[in-house]
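Below is one structure, written out as structure tokens; the observations come after it.
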Amino acid sequence: MSGSTQRLNVAPTITMMGVVKARLVGATKGHQLLKKKSDALTMQFRQILKRIVETKESMGDTMKASAFSLTEAKYAAGDNIKYVVFENVDKATIKVRARQDNVAGVKLPKFEHFSEAGETKNDLTGLGRGGHQVQLSRSAFMKSIEILVELASLQTSFLTLDEAIKTTNRRVNALENVVKPKLENTITYIRGELDELEREEFFRLKKVQAYKKKEVDKQLAKNKAHMELGLERPISSQAEPAQDEDLLF
């Protein structure tokens with residue numbers, strides 16, 4: 001596509017040629033860097049997708065084991081165990097904090113779980129009856145929470161990477177299909193105009209040289225004619241006195 005709409009509207013000069021070439025070099029480097037960034041993000045995207053699938057599979061087994069352990073705890077400690085647990089809960093023992101990971105210039109949110117040290121009232125829950133099953137159920141649900149936090153982190157990173165990859169691919173396509181062809185067409189246009197100006201200048205110089213040569217030839221012919229005329233006049237002036245002498249005799 002080499003129409004006028006597919007190039008920049010610039011003056012065809014050598015200076016502008018250098019400017020457009022510099023822009024083309026910058027666009028080429030930018031395209032290469034964005035392409036590498038897109039490849040890195042895509043690789044990370046696939047790794048996160050694989051980890052999401054594995055985490056969801058393990059989450060199903062963990063949640064099933066947690067539900068089964070809760071049933072065992074209710075059976076061992078009685079149905080009233082949940083009210084006892086609610087009464088003993090003052091604050092959360094597992095908390096979540098957020099940080100950011102940098103992947104090819106894209107900041108991905110990362111969630112981490114942590115537990116506050118110290119004895120809690122839940123450690124004594126079920127002391128009279130079914131305490132062991134209650135602690136097993138608590139451990140199972142804590143593991144489920146850890147997996148849920150990890151899954152939330154992975155899914156958030158997955159969505160962030162998806163948007164970043166779409167934006168990067170749009171930029172790569174714009175540079176590859178719009179910016180670079182337009183700059184290349186502009187360089188071709190400027191080069192063609194400069195070549196045309198050079199041909200016109202060469203033709204003009206040839207015409208000027210031909211005109212000057214013609215004028216020089218005319219001047220040389222004129223000078224030669226003057227010289228020949230100047231040589232003929234002295235000869236004719238010497239011949240006239242001889243004729244006069246013949247008349248006297």
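Naming scheme: A, B, ... for chains in displayed order of the structure tokens; residues 1 onward per chain; ligands 1 onward as shown.
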Each stretch 141-197 of chain A residue no farther than 7 Å from stretch 14-27 of chain A, nearest pair in Å, only C-alpha atoms, as a Markdown table:
| residue | atom | partner | partner_atom | distance |
| --- | --- | --- | --- | --- |
| A:Leu175 | CA | A:Ala27 | CA | 6.7 |
| A:Lys180 | CA | A:Leu24 | CA | 6.4 |
| A:Leu183 | CA | A:Leu24 | CA | 6.1 |
| A:Ile187 | CA | A:Met17 | CA | 6.3 |
| A:Ile190 | CA | A:Met17 | CA | 6.5 |
Atoms kept (all heavy atoms) for selection, written as a PDB file, in the first residue's frame:
ATOM      1  N   LEU A 175       2.693  -1.251  15.214  1.00  0.00           N
ATOM      2  CA  LEU A 175       4.034  -0.948  14.707  1.00  0.00           C
ATOM      3  C   LEU A 175       4.328  -1.726  13.425  1.00  0.00           C
ATOM      4  O   LEU A 175       4.922  -1.187  12.487  1.00  0.00           O
ATOM      5  CB  LEU A 175       5.086  -1.281  15.762  1.00  0.00           C
ATOM      6  CG  LEU A 175       5.192  -0.315  16.946  1.00  0.00           C
ATOM      7  CD1 LEU A 175       6.144  -0.874  17.997  1.00  0.00           C
ATOM      8  CD2 LEU A 175       5.675   1.046  16.476  1.00  0.00           C
ATOM      9  N   LYS A 180       5.517   1.151  10.759  1.00  0.00           N
ATOM     10  CA  LYS A 180       6.683   0.834   9.932  1.00  0.00           C
ATOM     11  C   LYS A 180       6.395   0.938   8.440  1.00  0.00           C
ATOM     12  O   LYS A 180       7.197   1.537   7.698  1.00  0.00           O
ATOM     13  CB  LYS A 180       7.203  -0.558  10.293  1.00  0.00           C
ATOM     14  CG  LYS A 180       7.883  -0.622  11.652  1.00  0.00           C
ATOM     15  CD  LYS A 180       8.361  -2.029  11.976  1.00  0.00           C
ATOM     16  CE  LYS A 180       9.411  -2.499  11.009  1.00  0.00           C
ATOM     17  NZ  LYS A 180       9.901  -3.856  11.349  1.00  0.00           N
ATOM     18  N   LEU A 183       6.331   4.654   7.503  1.00  0.00           N
ATOM     19  CA  LEU A 183       7.663   5.246   7.469  1.00  0.00           C
ATOM     20  C   LEU A 183       8.454   4.756   6.254  1.00  0.00           C
ATOM     21  O   LEU A 183       9.170   5.540   5.609  1.00  0.00           O
ATOM     22  CB  LEU A 183       8.420   4.906   8.761  1.00  0.00           C
ATOM     23  CG  LEU A 183       7.870   5.536  10.044  1.00  0.00           C
ATOM     24  CD1 LEU A 183       8.620   5.008  11.260  1.00  0.00           C
ATOM     25  CD2 LEU A 183       7.957   7.050   9.996  1.00  0.00           C
ATOM     26  N   ILE A 187       9.962   7.062   3.247  1.00  0.00           N
ATOM     27  CA  ILE A 187      11.358   7.043   2.790  1.00  0.00           C
ATOM     28  C   ILE A 187      11.420   6.793   1.288  1.00  0.00           C
ATOM     29  O   ILE A 187      12.200   7.433   0.566  1.00  0.00           O
ATOM     30  CB  ILE A 187      12.147   5.977   3.572  1.00  0.00           C
ATOM     31  CG1 ILE A 187      12.288   6.400   5.032  1.00  0.00           C
ATOM     32  CG2 ILE A 187      13.513   5.753   2.953  1.00  0.00           C
ATOM     33  CD1 ILE A 187      12.933   5.348   5.916  1.00  0.00           C
ATOM     34  N   ILE A 190      10.383  10.050  -0.441  1.00  0.00           N
ATOM     35  CA  ILE A 190      11.422  11.078  -0.391  1.00  0.00           C
ATOM     36  C   ILE A 190      12.582  10.712  -1.320  1.00  0.00           C
ATOM     37  O   ILE A 190      13.113  11.571  -2.037  1.00  0.00           O
ATOM     38  CB  ILE A 190      11.918  11.261   1.059  1.00  0.00           C
ATOM     39  CG1 ILE A 190      10.798  11.825   1.935  1.00  0.00           C
ATOM     40  CG2 ILE A 190      13.125  12.190   1.115  1.00  0.00           C
ATOM     41  CD1 ILE A 190      11.159  11.939   3.402  1.00  0.00           C
TER      42      ILE A 190
END
**OP:** Using atom CA of A:Glu198 and atom CA of A:Val10 as the two end points, give the distance in Å to one decimal.
**Re:**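 Distance between the two atoms: 18.6 Å.
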Original post:
Could you name the residues that touch A:Lys95 at 12 Å or less, counting only C-alpha atoms, but leaving out those on the same chain fewer than 6 positions away, as a list of chain:residue names?
Top reply: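 Counting only C-alpha atoms, the residues come to A:Phe111, A:Glu112, A:His113, A:Phe114, A:Ser115, A:Glu116, A:Ala117, A:Met142, A:Ile145, A:Glu146, A:Val149.
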Kindly export the residues of the current selection with all heavy atoms, as a PDB file, in the first residue's frame.
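The resulting again_8.pdb:
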ATOM      1  N   PHE A 111      -0.820 -12.611  46.252  1.00  0.00           N
ATOM      2  CA  PHE A 111      -1.392 -12.724  47.587  1.00  0.00           C
ATOM      3  C   PHE A 111      -0.671 -13.813  48.363  1.00  0.00           C
ATOM      4  O   PHE A 111      -0.416 -14.900  47.820  1.00  0.00           O
ATOM      5  CB  PHE A 111      -2.887 -13.036  47.511  1.00  0.00           C
ATOM      6  CG  PHE A 111      -3.681 -12.020  46.739  1.00  0.00           C
ATOM      7  CD1 PHE A 111      -4.610 -12.405  45.778  1.00  0.00           C
ATOM      8  CD2 PHE A 111      -3.500 -10.669  46.971  1.00  0.00           C
ATOM      9  CE1 PHE A 111      -5.333 -11.462  45.068  1.00  0.00           C
ATOM     10  CE2 PHE A 111      -4.219  -9.720  46.271  1.00  0.00           C
ATOM     11  CZ  PHE A 111      -5.135 -10.122  45.312  1.00  0.00           C
ATOM     12  N   GLU A 112      -0.373 -13.500  49.615  1.00  0.00           N
ATOM     13  CA  GLU A 112       0.288 -14.464  50.487  1.00  0.00           C
ATOM     14  C   GLU A 112      -0.480 -14.564  51.800  1.00  0.00           C
ATOM     15  O   GLU A 112      -0.956 -13.546  52.322  1.00  0.00           O
ATOM     16  CB  GLU A 112       1.735 -14.042  50.774  1.00  0.00           C
ATOM     17  CG  GLU A 112       2.642 -14.060  49.552  1.00  0.00           C
ATOM     18  CD  GLU A 112       4.054 -13.607  49.895  1.00  0.00           C
ATOM     19  OE1 GLU A 112       4.227 -13.006  50.986  1.00  0.00           O
ATOM     20  OE2 GLU A 112       4.956 -13.841  49.083  1.00  0.00           O
ATOM     21  N   HIS A 113      -0.573 -15.773  52.315  1.00  0.00           N
ATOM     22  CA  HIS A 113      -1.234 -15.980  53.606  1.00  0.00           C
ATOM     23  C   HIS A 113      -0.167 -16.111  54.692  1.00  0.00           C
ATOM     24  O   HIS A 113       0.956 -16.568  54.438  1.00  0.00           O
ATOM     25  CB  HIS A 113      -2.102 -17.237  53.563  1.00  0.00           C
ATOM     26  CG  HIS A 113      -1.324 -18.489  53.258  1.00  0.00           C
ATOM     27  ND1 HIS A 113      -0.654 -19.196  54.232  1.00  0.00           N
ATOM     28  CD2 HIS A 113      -1.103 -19.131  52.086  1.00  0.00           C
ATOM     29  CE1 HIS A 113      -0.068 -20.241  53.684  1.00  0.00           C
ATOM     30  NE2 HIS A 113      -0.319 -20.232  52.378  1.00  0.00           N
ATOM     31  N   PHE A 114      -0.498 -15.677  55.872  1.00  0.00           N
ATOM     32  CA  PHE A 114       0.421 -15.815  57.001  1.00  0.00           C
ATOM     33  C   PHE A 114      -0.413 -15.972  58.275  1.00  0.00           C
ATOM     34  O   PHE A 114      -1.563 -15.517  58.358  1.00  0.00           O
ATOM     35  CB  PHE A 114       1.357 -14.602  57.102  1.00  0.00           C
ATOM     36  CG  PHE A 114       0.664 -13.308  57.415  1.00  0.00           C
ATOM     37  CD1 PHE A 114       0.586 -12.826  58.713  1.00  0.00           C
ATOM     38  CD2 PHE A 114       0.052 -12.574  56.398  1.00  0.00           C
ATOM     39  CE1 PHE A 114      -0.059 -11.639  58.994  1.00  0.00           C
ATOM     40  CE2 PHE A 114      -0.585 -11.382  56.677  1.00  0.00           C
ATOM     41  CZ  PHE A 114      -0.650 -10.912  57.978  1.00  0.00           C
ATOM     42  N   SER A 115       0.191 -16.615  59.224  1.00  0.00           N
ATOM     43  CA  SER A 115      -0.489 -16.874  60.504  1.00  0.00           C
ATOM     44  C   SER A 115       0.220 -16.103  61.596  1.00  0.00           C
ATOM     45  O   SER A 115       1.459 -16.003  61.617  1.00  0.00           O
ATOM     46  CB  SER A 115      -0.483 -18.369  60.829  1.00  0.00           C
ATOM     47  OG  SER A 115      -1.135 -19.099  59.808  1.00  0.00           O
ATOM     48  N   GLU A 116      -0.563 -15.579  62.501  1.00  0.00           N
ATOM     49  CA  GLU A 116       0.000 -14.874  63.650  1.00  0.00           C
ATOM     50  C   GLU A 116       0.312 -15.885  64.739  1.00  0.00           C
ATOM     51  O   GLU A 116      -0.515 -16.728  65.087  1.00  0.00           O
ATOM     52  CB  GLU A 116      -0.976 -13.820  64.157  1.00  0.00           C
ATOM     53  CG  GLU A 116      -1.171 -12.658  63.201  1.00  0.00           C
ATOM     54  CD  GLU A 116      -2.048 -11.589  63.808  1.00  0.00           C
ATOM     55  OE1 GLU A 116      -2.677 -11.866  64.848  1.00  0.00           O
ATOM     56  OE2 GLU A 116      -2.103 -10.484  63.233  1.00  0.00           O
ATOM     57  N   ALA A 117       1.509 -15.787  65.273  1.00  0.00           N
ATOM     58  CA  ALA A 117       1.930 -16.731  66.309  1.00  0.00           C
ATOM     59  C   ALA A 117       1.195 -16.453  67.621  1.00  0.00           C
ATOM     60  O   ALA A 117       0.751 -15.335  67.892  1.00  0.00           O
ATOM     61  CB  ALA A 117       3.446 -16.634  66.513  1.00  0.00           C
ATOM     62  N   MET A 142      -7.694 -25.014  57.160  1.00  0.00           N
ATOM     63  CA  MET A 142      -6.588 -24.083  56.986  1.00  0.00           C
ATOM     64  C   MET A 142      -5.851 -24.362  55.673  1.00  0.00           C
ATOM     65  O   MET A 142      -5.456 -23.439  54.946  1.00  0.00           O
ATOM     66  CB  MET A 142      -5.616 -24.180  58.166  1.00  0.00           C
ATOM     67  CG  MET A 142      -6.155 -23.586  59.462  1.00  0.00           C
ATOM     68  SD  MET A 142      -4.981 -23.693  60.838  1.00  0.00           S
ATOM     69  CE  MET A 142      -3.695 -22.598  60.242  1.00  0.00           C
ATOM     70  N   ILE A 145      -7.938 -22.951  52.940  1.00  0.00           N
ATOM     71  CA  ILE A 145      -7.795 -21.489  52.837  1.00  0.00           C
ATOM     72  C   ILE A 145      -6.502 -21.129  52.106  1.00  0.00           C
ATOM     73  O   ILE A 145      -6.467 -20.222  51.270  1.00  0.00           O
ATOM     74  CB  ILE A 145      -7.838 -20.855  54.243  1.00  0.00           C
ATOM     75  CG1 ILE A 145      -9.241 -21.000  54.840  1.00  0.00           C
ATOM     76  CG2 ILE A 145      -7.432 -19.389  54.181  1.00  0.00           C
ATOM     77  CD1 ILE A 145      -9.341 -20.518  56.272  1.00  0.00           C
ATOM     78  N   GLU A 146      -5.428 -21.849  52.409  1.00  0.00           N
ATOM     79  CA  GLU A 146      -4.159 -21.588  51.732  1.00  0.00           C
ATOM     80  C   GLU A 146      -4.288 -21.800  50.222  1.00  0.00           C
ATOM     81  O   GLU A 146      -3.780 -21.007  49.416  1.00  0.00           O
ATOM     82  CB  GLU A 146      -3.072 -22.497  52.315  1.00  0.00           C
ATOM     83  CG  GLU A 146      -2.733 -22.192  53.770  1.00  0.00           C
ATOM     84  CD  GLU A 146      -1.762 -23.202  54.354  1.00  0.00           C
ATOM     85  OE1 GLU A 146      -1.384 -24.141  53.602  1.00  0.00           O
ATOM     86  OE2 GLU A 146      -1.402 -23.083  55.541  1.00  0.00           O
ATOM     87  N   VAL A 149      -6.314 -18.934  48.700  1.00  0.00           N
ATOM     88  CA  VAL A 149      -5.511 -17.716  48.561  1.00  0.00           C
ATOM     89  C   VAL A 149      -4.577 -17.839  47.355  1.00  0.00           C
ATOM     90  O   VAL A 149      -4.418 -16.891  46.567  1.00  0.00           O
ATOM     91  CB  VAL A 149      -4.718 -17.447  49.854  1.00  0.00           C
ATOM     92  CG1 VAL A 149      -3.724 -16.307  49.641  1.00  0.00           C
ATOM     93  CG2 VAL A 149      -5.668 -17.105  50.996  1.00  0.00           C
TER      94      VAL A 149
END
Original post:
Using only C-alpha atoms, which of the listed residues (A:Leu194, A:Leu151, A:Leu34, A:Ala210) sits closest to A:Ser58?
Top reply: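 Going through A:Leu194, A:Leu151, A:Leu34, A:Ala210 one by one, the smallest distance to A:Ser58 is for A:Leu151.
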**OP:** Write down as a PyMOL selection string the residues of stretch 102-203 of chain A whose backbone DSSP state falls under alpha helix (DSSP H).
**Re:** chain A and resi 131-174+180-203
Subject >> DSSP-assigned strand (DSSP E or B) members of stretch 22-224 of chain A, reported as a PyMOL selection string >> reply: chain A and resi 94-103+106-115
Shell of 9 Å around A:Gln6, only C-alpha atoms, local chain residues under 5 positions omitted, as an mmCIF file with N, CA and C atoms, in the first residue's frame:
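So out-v6.cif came out as:
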data_model
loop_
_atom_site.group_PDB
_atom_site.id
_atom_site.type_symbol
_atom_site.label_atom_id
_atom_site.label_comp_id
_atom_site.auth_asym_id
_atom_site.auth_seq_id
_atom_site.Cartn_x
_atom_site.Cartn_y
_atom_site.Cartn_z
ATOM 1 N N MET A 1 0.853 -1.183 0.000
ATOM 2 C CA MET A 1 0.000 0.000 0.000
ATOM 3 C C MET A 1 0.887 1.231 0.000
ATOM 4 N N VAL A 178 1.196 -0.650 10.597
ATOM 5 C CA VAL A 178 0.820 0.747 10.339
ATOM 6 C C VAL A 178 2.040 1.661 10.344
ATOM 7 N N PRO A 181 5.263 0.390 7.922
ATOM 8 C CA PRO A 181 4.992 0.581 6.481
ATOM 9 C C PRO A 181 4.852 2.043 6.097
ATOM 10 N N LYS A 182 4.238 2.855 6.968
ATOM 11 C CA LYS A 182 4.086 4.270 6.645
ATOM 12 C C LYS A 182 5.439 4.962 6.573
ATOM 13 N N LEU A 183 6.331 4.654 7.503
ATOM 14 C CA LEU A 183 7.663 5.246 7.469
ATOM 15 C C LEU A 183 8.454 4.756 6.254
ATOM 16 N N ASN A 185 7.203 3.757 3.388
ATOM 17 C CA ASN A 185 6.640 4.415 2.205
ATOM 18 C C ASN A 185 7.085 5.872 2.129
ATOM 19 N N THR A 186 7.198 6.521 3.284
ATOM 20 C CA THR A 186 7.675 7.907 3.290
ATOM 21 C C THR A 186 9.115 7.997 2.802
#
